[in-house]
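Source file: query-v4.tsv; contents: TSV, C-alpha atoms and all ligand atoms.
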```tsv
chain	number	residue	atom	x	y	z
P	1120	MET	CA	-2.61	-15.56	-8.08
P	1121	ASN	CA	-5.42	-16.41	-5.65
P	1122	TRP	CA	-8.63	-14.41	-5.50
P	1123	GLU	CA	-11.14	-14.00	-2.68
P	1124	THR	CA	-14.33	-12.03	-3.29
P	1125	PHE	CA	-16.25	-10.12	-0.63
P	1126	ASP	CA	-19.76	-8.68	-0.71
P	1127	ALA	CA	-18.81	-5.68	1.40
P	1128	GLN	CA	-15.71	-3.63	2.08
P	1129	ASP	CA	-16.10	-4.41	5.82
P	1130	ALA	CA	-15.61	-8.11	5.27
P	1131	LEU	CA	-12.67	-7.44	2.98
P	1132	ALA	CA	-11.08	-5.21	5.62
P	1133	ASP	CA	-11.62	-7.90	8.27
P	1134	ARG	CA	-9.91	-10.52	6.17
P	1135	ALA	CA	-6.98	-8.21	5.39
P	1136	ALA	CA	-6.58	-7.30	9.07
P	1137	HIS	CA	-6.54	-10.94	10.06
P	1138	ILE	CA	-3.92	-11.79	7.48
P	1139	LEU	CA	-1.77	-8.96	8.86
P	1140	LEU	CA	-2.28	-9.93	12.51
P	1141	ASP	CA	-1.75	-13.65	11.88
P	1142	ALA	CA	1.51	-12.83	10.14
P	1143	ILE	CA	2.66	-10.84	13.18
P	1144	ARG	CA	1.65	-13.65	15.55
P	1145	GLU	CA	3.64	-16.09	13.45
P	1146	ASN	CA	6.66	-13.78	13.32
P	1147	PRO	CA	6.59	-10.85	15.77
P	1148	ARG	CA	9.64	-9.37	14.01
P	1149	ILE	CA	8.02	-9.39	10.59
P	1150	VAL	CA	8.90	-6.73	7.99
P	1151	LEU	CA	5.72	-5.39	6.40
P	1152	GLY	CA	5.14	-3.28	3.30
P	1153	LEU	CA	2.17	-0.97	3.87
P	1154	PRO	CA	-0.14	1.00	1.57
P	1155	THR	CA	-2.16	4.18	1.91
P	1156	GLY	CA	-5.30	5.37	0.10
P	1157	ARG	CA	-8.95	4.94	1.01
P	1158	THR	CA	-9.04	1.17	0.60
P	1159	PRO	CA	-6.78	0.10	3.52
P	1160	ILE	CA	-8.41	2.39	6.11
P	1161	GLY	CA	-10.82	-0.34	7.23
P	1162	MET	CA	-7.97	-2.83	7.56
P	1163	TYR	CA	-5.99	-0.46	9.78
P	1164	HIS	CA	-9.09	0.28	11.85
P	1165	ARG	CA	-9.57	-3.41	12.62
P	1166	VAL	CA	-5.89	-3.96	13.30
P	1167	VAL	CA	-5.95	-1.14	15.85
P	1168	GLN	CA	-9.10	-2.57	17.49
P	1169	GLU	CA	-7.54	-6.03	17.81
P	1170	CYS	CA	-4.20	-4.75	19.01
P	1171	SER	CA	-5.77	-2.78	21.81
P	1172	ARG	CA	-6.96	-6.12	23.20
P	1173	GLU	CA	-3.60	-7.84	22.98
P	1174	TYR	CA	-0.55	-7.55	25.21
P	1175	HIS	CA	1.60	-6.37	22.38
P	1176	CYS	CA	1.30	-6.40	18.62
P	1177	PHE	CA	3.78	-4.16	16.91
P	1178	SER	CA	6.58	-3.92	19.48
P	1179	ASP	CA	9.08	-5.75	17.23
P	1180	VAL	CA	7.40	-5.19	13.85
P	1181	VAL	CA	9.18	-3.22	11.14
P	1182	THR	CA	7.15	-1.43	8.46
P	1183	PHE	CA	7.99	0.28	5.20
P	1184	ASN	CA	5.40	2.37	3.42
P	1185	LEU	CA	5.18	2.05	-0.31
P	1186	ASP	CA	5.34	5.72	-1.15
P	1187	GLU	CA	5.13	9.39	-0.19
P	1188	TYR	CA	4.55	12.68	-1.95
P	1189	VAL	CA	7.64	14.71	-2.78
P	1190	GLY	CA	7.91	18.35	-1.73
P	1191	ILE	CA	5.61	18.35	1.28
P	1192	PRO	CA	6.74	18.03	4.90
P	1193	ARG	CA	5.80	14.95	6.95
P	1194	GLU	CA	3.47	17.04	9.09
P	1195	HIS	CA	1.43	18.18	6.07
P	1196	PRO	CA	-2.17	16.95	6.53
P	1197	GLY	CA	-2.07	15.33	3.09
P	1198	SER	CA	1.18	13.42	3.59
P	1199	TYR	CA	1.25	9.65	3.86
P	1200	TRP	CA	3.22	10.05	7.08
P	1201	THR	CA	0.22	11.90	8.56
P	1202	TYR	CA	-2.13	9.26	7.16
P	1203	MET	CA	-0.13	6.45	8.77
P	1204	ARG	CA	-0.04	8.20	12.13
P	1205	GLN	CA	-3.78	8.82	11.98
P	1206	HIS	CA	-4.76	5.32	10.94
P	1207	LEU	CA	-2.11	3.11	12.55
P	1208	PHE	CA	1.12	4.35	14.09
P	1209	ASP	CA	-0.40	6.56	16.80
P	1210	HIS	CA	-2.61	3.72	18.01
P	1211	VAL	CA	-0.24	0.75	18.25
P	1212	ASP	CA	3.04	0.08	20.05
P	1213	ILE	CA	5.30	0.32	17.01
P	1214	HIS	CA	8.72	1.88	17.70
P	1215	PRO	CA	8.98	5.10	15.70
P	1216	GLU	CA	12.37	4.03	14.34
P	1217	ASN	CA	10.77	0.86	12.95
P	1218	ALA	CA	7.99	2.72	11.11
P	1219	HIS	CA	9.47	3.83	7.81
P	1220	VAL	CA	7.80	6.26	5.41
P	1221	PRO	CA	9.94	7.79	2.67
P	1222	ASP	CA	10.93	11.38	3.42
P	1223	GLY	CA	9.22	13.58	0.85
P	1224	MET	CA	11.35	16.62	1.63
P	1225	HIS	CA	14.69	14.82	1.37
P	1226	PRO	CA	13.89	11.80	-0.76
P	1227	ASP	CA	16.66	9.19	-0.73
P	1228	PRO	CA	15.52	6.33	-2.97
P	1229	GLU	CA	18.74	4.30	-2.70
P	1230	GLY	CA	18.81	4.81	1.07
P	1231	TYR	CA	15.21	3.57	1.38
P	1232	GLU	CA	15.94	0.52	-0.70
P	1233	ARG	CA	19.02	-0.18	1.44
P	1234	GLU	CA	16.99	0.14	4.65
P	1235	ILE	CA	14.52	-2.45	3.36
P	1236	ARG	CA	17.39	-4.79	2.50
P	1237	ASP	CA	19.12	-4.22	5.85
P	1238	ALA	CA	15.87	-5.05	7.64
P	1239	GLY	CA	15.90	-8.44	5.89
P	1240	GLY	CA	13.54	-7.61	3.00
P	1241	LEU	CA	9.76	-7.35	2.88
P	1242	ALA	CA	8.02	-10.48	4.13
P	1243	LEU	CA	4.42	-9.41	3.49
P	1244	THR	CA	3.31	-6.41	1.48
P	1245	PHE	CA	-0.21	-5.03	1.21
P	1246	LEU	CA	-1.13	-3.01	-1.87
P	1247	GLY	CA	-4.00	-0.88	-3.03
P	1248	LEU	CA	-4.92	-0.57	-6.69
P	1249	GLY	CA	-4.99	2.71	-8.60
P	1250	ARG	CA	-7.79	3.16	-11.12
P	1251	ASN	CA	-5.22	3.10	-13.89
P	1252	GLY	CA	-3.66	-0.05	-12.42
P	1253	HIS	CA	-0.91	1.68	-10.51
P	1254	ILE	CA	0.59	0.01	-7.45
P	1255	GLY	CA	2.40	2.28	-5.01
P	1256	PHE	CA	2.95	5.22	-7.34
P	1257	ASN	CA	4.18	3.09	-10.21
P	1258	GLU	CA	2.24	4.52	-13.11
P	1259	PRO	CA	1.56	2.79	-16.45
P	1260	GLY	CA	4.80	2.23	-18.36
P	1261	THR	CA	6.90	1.54	-15.26
P	1262	PRO	CA	9.48	-1.19	-15.90
P	1263	PHE	CA	8.79	-4.31	-13.86
P	1264	ASP	CA	12.39	-4.34	-12.60
P	1265	SER	CA	12.20	-0.77	-11.22
P	1266	HIS	CA	13.25	0.00	-7.66
P	1267	THR	CA	12.63	2.90	-5.28
P	1268	ARG	CA	12.81	6.19	-7.14
P	1269	ILE	CA	11.19	9.57	-7.69
P	1270	VAL	CA	8.33	9.62	-10.19
P	1271	GLU	CA	6.06	12.15	-11.82
P	1272	LEU	CA	2.37	11.60	-11.07
P	1273	THR	CA	-0.12	11.38	-13.92
P	1274	GLN	CA	-2.92	13.94	-14.10
P	1275	SER	CA	-5.46	11.20	-13.39
P	1276	THR	CA	-3.67	10.11	-10.21
P	1277	ARG	CA	-3.33	13.71	-9.04
P	1278	HIS	CA	-7.03	14.14	-9.69
P	1279	ALA	CA	-7.93	10.91	-7.84
P	1280	ASN	CA	-5.90	12.03	-4.79
P	1281	ALA	CA	-6.92	15.71	-4.83
P	1282	ASP	CA	-9.18	15.30	-1.78
P	1283	SER	CA	-6.12	15.25	0.48
P	1284	PHE	CA	-5.09	18.69	-0.81
P	1285	PRO	CA	-8.09	20.99	-0.41
P	1286	ASP	CA	-5.91	24.02	-1.22
P	1287	GLY	CA	-5.57	22.60	-4.75
P	1288	HIS	CA	-1.79	22.17	-4.52
P	1289	VAL	CA	-1.61	18.48	-5.34
P	1290	PRO	CA	2.03	17.36	-5.47
P	1291	THR	CA	3.41	16.60	-8.92
P	1292	HIS	CA	5.98	14.04	-7.82
P	1293	ALA	CA	6.32	11.18	-5.39
P	1294	ILE	CA	8.89	8.73	-4.11
P	1295	THR	CA	7.75	5.14	-4.50
P	1296	MET	CA	9.04	1.62	-4.11
P	1297	GLY	CA	9.47	0.20	-7.60
P	1298	ILE	CA	7.62	-2.75	-9.04
P	1299	GLY	CA	10.83	-4.76	-8.63
P	1300	THR	CA	10.95	-3.79	-4.93
P	1301	ILE	CA	7.35	-4.94	-4.49
P	1302	LEU	CA	7.91	-8.22	-6.35
P	1303	GLU	CA	10.83	-8.99	-3.99
P	1304	SER	CA	8.35	-9.20	-1.08
P	1305	LYS	CA	7.83	-12.84	-0.10
P	1306	ARG	CA	4.03	-12.47	0.03
P	1307	ILE	CA	1.72	-9.86	-1.48
P	1308	VAL	CA	-1.90	-9.06	-0.69
P	1309	LEU	CA	-3.69	-6.70	-3.08
P	1310	LEU	CA	-6.81	-4.94	-1.80
P	1311	ALA	CA	-9.06	-4.15	-4.74
P	1312	ALA	CA	-12.15	-2.22	-3.70
P	1313	GLY	CA	-13.91	1.07	-4.12
P	1314	SER	CA	-15.55	3.00	-6.88
P	1315	GLY	CA	-13.98	3.34	-10.27
P	1316	LYS	CA	-11.93	0.14	-9.95
P	1317	GLU	CA	-14.06	-2.08	-12.19
P	1318	GLU	CA	-11.95	-1.67	-15.28
P	1319	ALA	CA	-8.67	-2.14	-13.41
P	1320	ILE	CA	-9.92	-5.29	-11.71
P	1321	ALA	CA	-11.23	-6.74	-14.98
P	1322	ARG	CA	-7.90	-6.01	-16.63
P	1323	LEU	CA	-5.97	-7.66	-13.81
P	1324	ARG	CA	-8.24	-10.71	-13.95
P	1325	SER	CA	-7.63	-11.06	-17.69
P	1326	GLY	CA	-4.13	-12.30	-16.92
P	1327	GLU	CA	-2.49	-10.17	-19.60
P	1328	VAL	CA	0.96	-9.14	-18.34
P	1329	THR	CA	2.03	-5.74	-19.67
P	1330	GLU	CA	4.01	-2.76	-18.39
P	1331	THR	CA	1.15	-0.52	-19.54
P	1332	PHE	CA	-0.80	-1.98	-16.62
P	1333	PRO	CA	1.47	-2.01	-13.54
P	1334	ALA	CA	-0.61	-4.36	-11.36
P	1335	SER	CA	-0.28	-7.08	-13.99
P	1336	ALA	CA	3.32	-7.54	-12.78
P	1337	LEU	CA	1.79	-9.41	-9.85
P	1338	TRP	CA	1.13	-12.37	-12.17
P	1339	LYS	CA	4.90	-12.87	-12.17
P	1340	HIS	CA	4.93	-13.47	-8.39
P	1341	GLU	CA	4.15	-16.86	-6.88
P	1342	ASP	CA	2.40	-15.79	-3.67
P	1343	VAL	CA	-0.21	-13.12	-4.39
P	1344	LEU	CA	-3.68	-12.97	-2.86
P	1345	VAL	CA	-6.20	-10.52	-4.31
P	1346	LEU	CA	-9.03	-9.50	-1.98
P	1347	VAL	CA	-11.69	-8.05	-4.22
P	1348	GLU	CA	-15.00	-6.37	-3.49
P	1349	ARG	CA	-17.77	-7.97	-5.54
P	1350	GLN	CA	-19.43	-4.67	-6.43
P	1351	ALA	CA	-16.13	-3.15	-7.47
P	1352	SER	CA	-15.60	-6.02	-9.86
P	1353	ALA	CA	-19.16	-6.06	-11.20
P	1354	ARG	CA	-20.26	-2.47	-11.72
P	1355	PRO	CA	-20.17	-1.17	-15.25
P	1356	SER	CA	-16.80	0.35	-16.00
P	1357	GLY	CA	-16.09	4.07	-15.74
P	1358	PRO	CA	-13.12	6.06	-17.00
P	1359	ALA	CA	-9.71	4.93	-15.76
P	1360	GLY	CA	-8.03	7.32	-13.38
P	1401	LIG	C1	-2.67	6.23	-4.23
P	1401	LIG	C2	-1.57	5.41	-3.58
P	1401	LIG	C3	-1.68	3.96	-3.94
P	1401	LIG	C4	-3.11	3.51	-3.69
P	1401	LIG	C5	-4.02	4.23	-4.65
P	1401	LIG	C6	-5.48	3.82	-4.57
P	1401	LIG	O1	-2.33	6.71	-5.47
P	1401	LIG	N1	-0.26	5.86	-3.88
P	1401	LIG	O2	-0.76	3.21	-3.16
P	1401	LIG	O3	-3.22	2.14	-3.88
P	1401	LIG	O4	-3.92	5.61	-4.36
P	1401	LIG	O5	-6.10	4.51	-3.57
P	1401	LIG	P1	-7.59	4.29	-3.08
P	1401	LIG	O6	-7.54	3.14	-2.16
P	1401	LIG	O7	-7.90	5.57	-2.37
P	1401	LIG	O8	-8.43	4.05	-4.26
```

What do you get writing this file as structure tokens?
Amino acid sequence: MNWETFDAQDALADRAAHILLDAIRENPRIVLGLPTGRTPIGMYHRVVQECSREYHCFSDVVTFNLDEYVGIPREHPGSYWTYMRQHLFDHVDIHPENAHVPDGMHPDPEGYEREIRDAGGLALTFLGLGRNGHIGFNEPGTPFDSHTRIVELTQSTRHANADSFPDGHVPTHAITMGIGTILESKRIVLLAAGSGKEEAIARLRSGEVTETFPASALWKHEDVLVLVERQASARPSGPAG
């Protein structure tokens, strides 16, 4: 596991965007795994800026999002489909049929897994880090060999993501790639930034590999880069969530 530390989230986002764009330049047909959450917004913003200057960026790229809430339609303002349109898909030349986000109304975990396989498998996957160490929506206790499936969200995760649901109806379930699905990606880049992540980052750094801390599965992969915000790794720890 390689670590790079950044003084500011801007610099971290720049680095992440360049990794993504370089990977596309190297293989314009690349299959990407993509995250949501607050952390990757800066990365997407820079990718969109760069792509608007290039002849084409995403015309042959295939993407698979890590997860989606169950029980809300794609068009819901809090859905990850909406998030991806807002931050990336509506601003680049990706073909809609190549931009995959699990369907939260008709979740088909096996079908999603099959689509990833049929596309040739994930070549490069970006991840965010939940305060309790979750990756995708794989909460503590998730087996490391798990694949795409429907999961129940913990109270702390529902609380952390409540901003997207101002009416208070935070979904209770989600469909997520499993930890096994993520580990099958050839390369992984974890973006670890933002408030409340200190404890999770310290735990990941400790090197202890345990299913009670999902992100620790990444130690079992041979090509993982962690981009970490210095402040996020240095501030005194708060409650996990
Ligand atoms: C959500 C997503 C995760 C994401 C996490 C952290 O729960 N399902 O994929 O990594 O939140 O989000 P943030 O970047 O907002 O802290």

TODO: All residues within 10 Å of ligand LIG 1401 (chain P) are required, counting only C-alpha atoms and all ligand atoms; please report them as number ranges by chain.
DONE: P: 1153-1160, 1184-1188, 1199, 1245-1258, 1272-1273, 1275-1280, 1282, 1293-1296, 1309-1316, 1360

Selected residues written out, C-alpha atoms, as a short mmCIF file (atom, residue, chain, number, x, y, z; two decimals), in the coordinates of the input:
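File produced: again-v1.cif:
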```cif
data_model
loop_
_atom_site.label_atom_id
_atom_site.label_comp_id
_atom_site.auth_asym_id
_atom_site.auth_seq_id
_atom_site.Cartn_x
_atom_site.Cartn_y
_atom_site.Cartn_z
CA LEU P 1153 2.17 -0.97 3.87
CA PRO P 1154 -0.14 1.00 1.57
CA THR P 1155 -2.16 4.18 1.91
CA GLY P 1156 -5.30 5.37 0.10
CA ARG P 1157 -8.95 4.94 1.01
CA THR P 1158 -9.04 1.17 0.60
CA PRO P 1159 -6.78 0.10 3.52
CA ILE P 1160 -8.41 2.39 6.11
CA ASN P 1184 5.40 2.37 3.42
CA LEU P 1185 5.18 2.05 -0.31
CA ASP P 1186 5.34 5.72 -1.15
CA GLU P 1187 5.13 9.39 -0.19
CA TYR P 1188 4.55 12.68 -1.95
CA TYR P 1199 1.25 9.65 3.86
CA PHE P 1245 -0.21 -5.03 1.21
CA LEU P 1246 -1.13 -3.01 -1.87
CA GLY P 1247 -4.00 -0.88 -3.03
CA LEU P 1248 -4.92 -0.57 -6.69
CA GLY P 1249 -4.99 2.71 -8.60
CA ARG P 1250 -7.79 3.16 -11.12
CA ASN P 1251 -5.22 3.10 -13.89
CA GLY P 1252 -3.66 -0.05 -12.42
CA HIS P 1253 -0.91 1.68 -10.51
CA ILE P 1254 0.59 0.01 -7.45
CA GLY P 1255 2.40 2.28 -5.01
CA PHE P 1256 2.95 5.22 -7.34
CA ASN P 1257 4.18 3.09 -10.21
CA GLU P 1258 2.24 4.52 -13.11
CA LEU P 1272 2.37 11.60 -11.07
CA THR P 1273 -0.12 11.38 -13.92
CA SER P 1275 -5.46 11.20 -13.39
CA THR P 1276 -3.67 10.11 -10.21
CA ARG P 1277 -3.33 13.71 -9.04
CA HIS P 1278 -7.03 14.14 -9.69
CA ALA P 1279 -7.93 10.91 -7.84
CA ASN P 1280 -5.90 12.03 -4.79
CA ASP P 1282 -9.18 15.30 -1.78
CA ALA P 1293 6.32 11.18 -5.39
CA ILE P 1294 8.89 8.73 -4.11
CA THR P 1295 7.75 5.14 -4.50
CA MET P 1296 9.04 1.62 -4.11
CA LEU P 1309 -3.69 -6.70 -3.08
CA LEU P 1310 -6.81 -4.94 -1.80
CA ALA P 1311 -9.06 -4.15 -4.74
CA ALA P 1312 -12.15 -2.22 -3.70
CA GLY P 1313 -13.91 1.07 -4.12
CA SER P 1314 -15.55 3.00 -6.88
CA GLY P 1315 -13.98 3.34 -10.27
CA LYS P 1316 -11.93 0.14 -9.95
CA GLY P 1360 -8.03 7.32 -13.38
#
```

Open item on the list: So that I can see what lies close to range 1173-1183 of chain P, please list as a count of residues only the residues with an atom at most 8 Å from it, counting all atoms listed in the file and leaving out residues fewer than 5 positions away in the same chain.
Closed with: 20

Open item on the list: Just to confirm, what's the straight-line distance from CA of Thr1261 in chain P to CA of Glu1123 in chain P in Å (one decimal)?
Closed with: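 We find that CA of Thr1261 in chain P and CA of Glu1123 in chain P lie 26.9 Å from each other.
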
TODO: Counting all atoms listed in the file, figure out which residue out of P:Leu1131, P:Ile1191, P:Ala1334, P:Ile1307 gets nearest to Thr1244 in chain P.
DONE: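 Selected residue with least distance to Thr1244 in chain P: P:Ile1307.
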
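In this structure, CA of Leu1344 in chain P sits 17.3 Å away from CA of Ala1127 in chain P.
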
Open item on the list: Report, in Å to a single decimal, how far apart CA of Asp1141 in chain P and CA of His1164 in chain P are.
Closed with: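 Separation between CA of His1164 in chain P and CA of Asp1141 in chain P: 15.7 Å.
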
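Among the candidate residues P:Ile1298, P:Met1224, P:Met1120, P:Cys1170, the one lying nearest to Gly1326 in chain P is P:Met1120, with distances computed using only C-alpha atoms.
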